[in-house]
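Heads up, protein_27.txt below (compact mmCIF, C-alpha atoms):
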```txt
# COMPACT_ATOMS: atom_id res chain seq x y z
CA MET A 1334 125.03 120.09 105.85
CA LYS A 1335 122.64 117.24 106.61
CA LEU A 1336 121.78 118.92 109.92
CA LEU A 1337 120.45 122.06 108.20
CA THR A 1338 116.75 122.21 107.40
CA GLY A 1339 114.62 124.49 105.29
CA VAL A 1340 115.53 126.52 102.24
CA PHE A 1341 119.14 127.66 101.86
CA ALA A 1342 121.97 128.49 99.49
CA ASN A 1343 125.10 128.86 101.61
CA ARG A 1344 128.70 129.67 100.87
CA VAL A 1345 131.54 129.54 103.35
CA ILE A 1346 135.16 130.73 103.26
CA ALA A 1347 137.44 129.77 106.16
CA SER A 1348 140.06 132.36 107.13
CA TYR A 1349 142.74 129.65 107.18
CA GLU A 1350 141.83 128.47 103.63
CA ALA A 1351 141.00 131.72 101.87
CA ASN A 1352 141.40 130.26 98.36
CA LYS A 1353 138.66 127.66 98.90
CA ILE A 1354 134.90 128.28 98.87
CA VAL A 1355 132.37 125.66 99.94
CA ALA A 1356 128.83 126.16 98.64
CA ALA A 1357 125.65 124.17 99.25
CA ARG A 1358 122.08 124.36 97.98
CA GLN A 1359 118.69 123.10 99.17
CA TRP A 1360 115.52 124.42 97.48
CA ALA A 1361 117.02 127.85 96.76
CA PRO A 1362 118.67 128.89 93.50
CA ALA A 1363 122.48 128.88 93.47
CA VAL A 1364 124.97 129.21 90.64
CA ILE A 1365 128.75 129.28 90.56
CA ALA A 1366 130.26 131.70 88.05
CA TRP A 1367 133.86 130.89 87.15
CA ALA A 1368 136.17 133.50 85.59
CA ARG A 1369 139.93 133.30 85.09
CA THR A 1370 141.89 136.53 84.88
CA ASN A 1371 145.36 137.43 86.10
CA ILE A 1372 143.87 136.88 89.54
CA TYR A 1373 141.39 134.01 89.63
CA ARG A 1374 137.89 134.80 90.84
CA GLN A 1375 134.88 132.71 91.66
CA ARG A 1376 131.50 133.78 92.83
CA CYS A 1377 128.47 132.01 94.15
CA ALA A 1378 125.17 133.75 93.67
CA GLY A 1379 121.46 133.27 93.28
CA HIS A 1380 121.57 134.50 89.68
CA PRO A 1381 124.04 134.14 86.75
CA LEU A 1382 126.83 136.69 86.54
CA HIS A 1383 128.72 137.89 83.48
CA THR A 1384 130.79 134.84 82.53
CA ARG A 1385 130.61 131.93 80.14
CA ASP A 1386 131.43 129.28 82.74
CA LEU A 1387 128.44 128.60 85.00
CA PHE A 1388 127.73 125.67 87.32
CA PHE A 1389 124.10 125.46 88.45
CA LEU A 1390 123.84 123.57 91.72
CA ALA A 1391 121.00 121.07 92.10
CA ASP A 1392 119.12 120.48 95.35
CA GLY A 1393 121.42 118.68 97.77
CA ASP A 1394 124.62 119.65 95.94
CA LEU A 1395 127.82 120.60 97.74
CA ALA A 1396 130.55 122.35 95.75
CA VAL A 1397 134.18 122.90 96.73
CA ILE A 1398 135.66 125.70 94.63
CA THR A 1399 139.44 126.23 94.38
CA PRO A 1400 141.77 127.81 91.81
CA ALA A 1401 142.05 124.32 90.26
CA GLY A 1402 138.30 124.04 89.58
CA VAL A 1403 134.97 122.97 91.03
CA HIS A 1404 134.35 119.60 92.71
CA LEU A 1405 130.68 118.64 93.11
CA SER A 1406 129.25 116.07 95.52
CA ASP A 1407 126.11 115.52 97.56
CA PHE A 1408 125.86 116.24 101.30
CA ASP A 1409 127.23 112.74 102.02
CA GLY A 1410 130.34 113.43 99.93
CA THR A 1411 129.41 110.98 97.16
CA HIS A 1412 129.07 111.55 93.38
```

Representation of the structure as structure tokens:
Amino acid sequence: MKLLTGVFANRVIASYEANKIVAARQWAPAVIAWARTNIYRQRCAGHPLHTRDLFFLADGDLAVITPAGVHLSDFDGTH
């Protein structure tokens, strides 16, 4: 992530880890909406979705989203 420049809000899903989403934000709005149903769902978007559980990413935040929850860190992997 530290190699990227400019304004971005990215999310990535690897085909070999389909139940994990990695999201990052730099100068662009990004929010993670968390909803638990019979099948868990998470979404990353530039605006809030219909849920009560929202995580607003700050500039330089990196989020790893799994069925267990959301882990936040900075681009260096600290905090």

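Distance check against Ala1391 in chain A using only C-alpha atoms: of A:Thr1411, A:Tyr1349, A:Arg1344, A:Leu1405, the minimum falls on A:Leu1405.
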
For Gly1393 in chain A, which of A:Ile1365, A:Thr1338, A:Gln1359, A:Ser1406 is the closest residue, counting all atoms listed in the file?
A:Gln1359

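Picture a line from CA of Leu1337 in chain A to CA of Trp1360 in chain A; it runs 12.0 Å.
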
Nearest to Asp1407 in chain A, chosen from A:Ala1357, A:Ala1366, A:Ile1346, A:Leu1387, with all atoms listed in the file counted in the distances
A:Ala1357

Would you pick out the contacts of Ala1396 in chain A at 6 Å or less, using only C-alpha atoms, so that residues sharing its chain but fewer than 2 positions from it are not included, and give the list as JSON, numbers by chain?
{"A": [1355, 1356, 1404, 1405]}

Closest to Asp1394 in chain A among A:Val1345, A:Asn1352, A:Val1364, A:Phe1408, using all atoms listed in the file?
A:Phe1408

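Distances from A:Leu1390, A:Leu1336, A:Val1403, A:Ile1398 to Arg1358 in chain A were compared using all atoms listed in the file, and the smallest one belongs to A:Leu1390.
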
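Proximity of A:Leu1395, A:Ala1351, A:Ala1363, A:Val1340 to His1412 in chain A, computed with only C-alpha atoms, is greatest for A:Leu1395.
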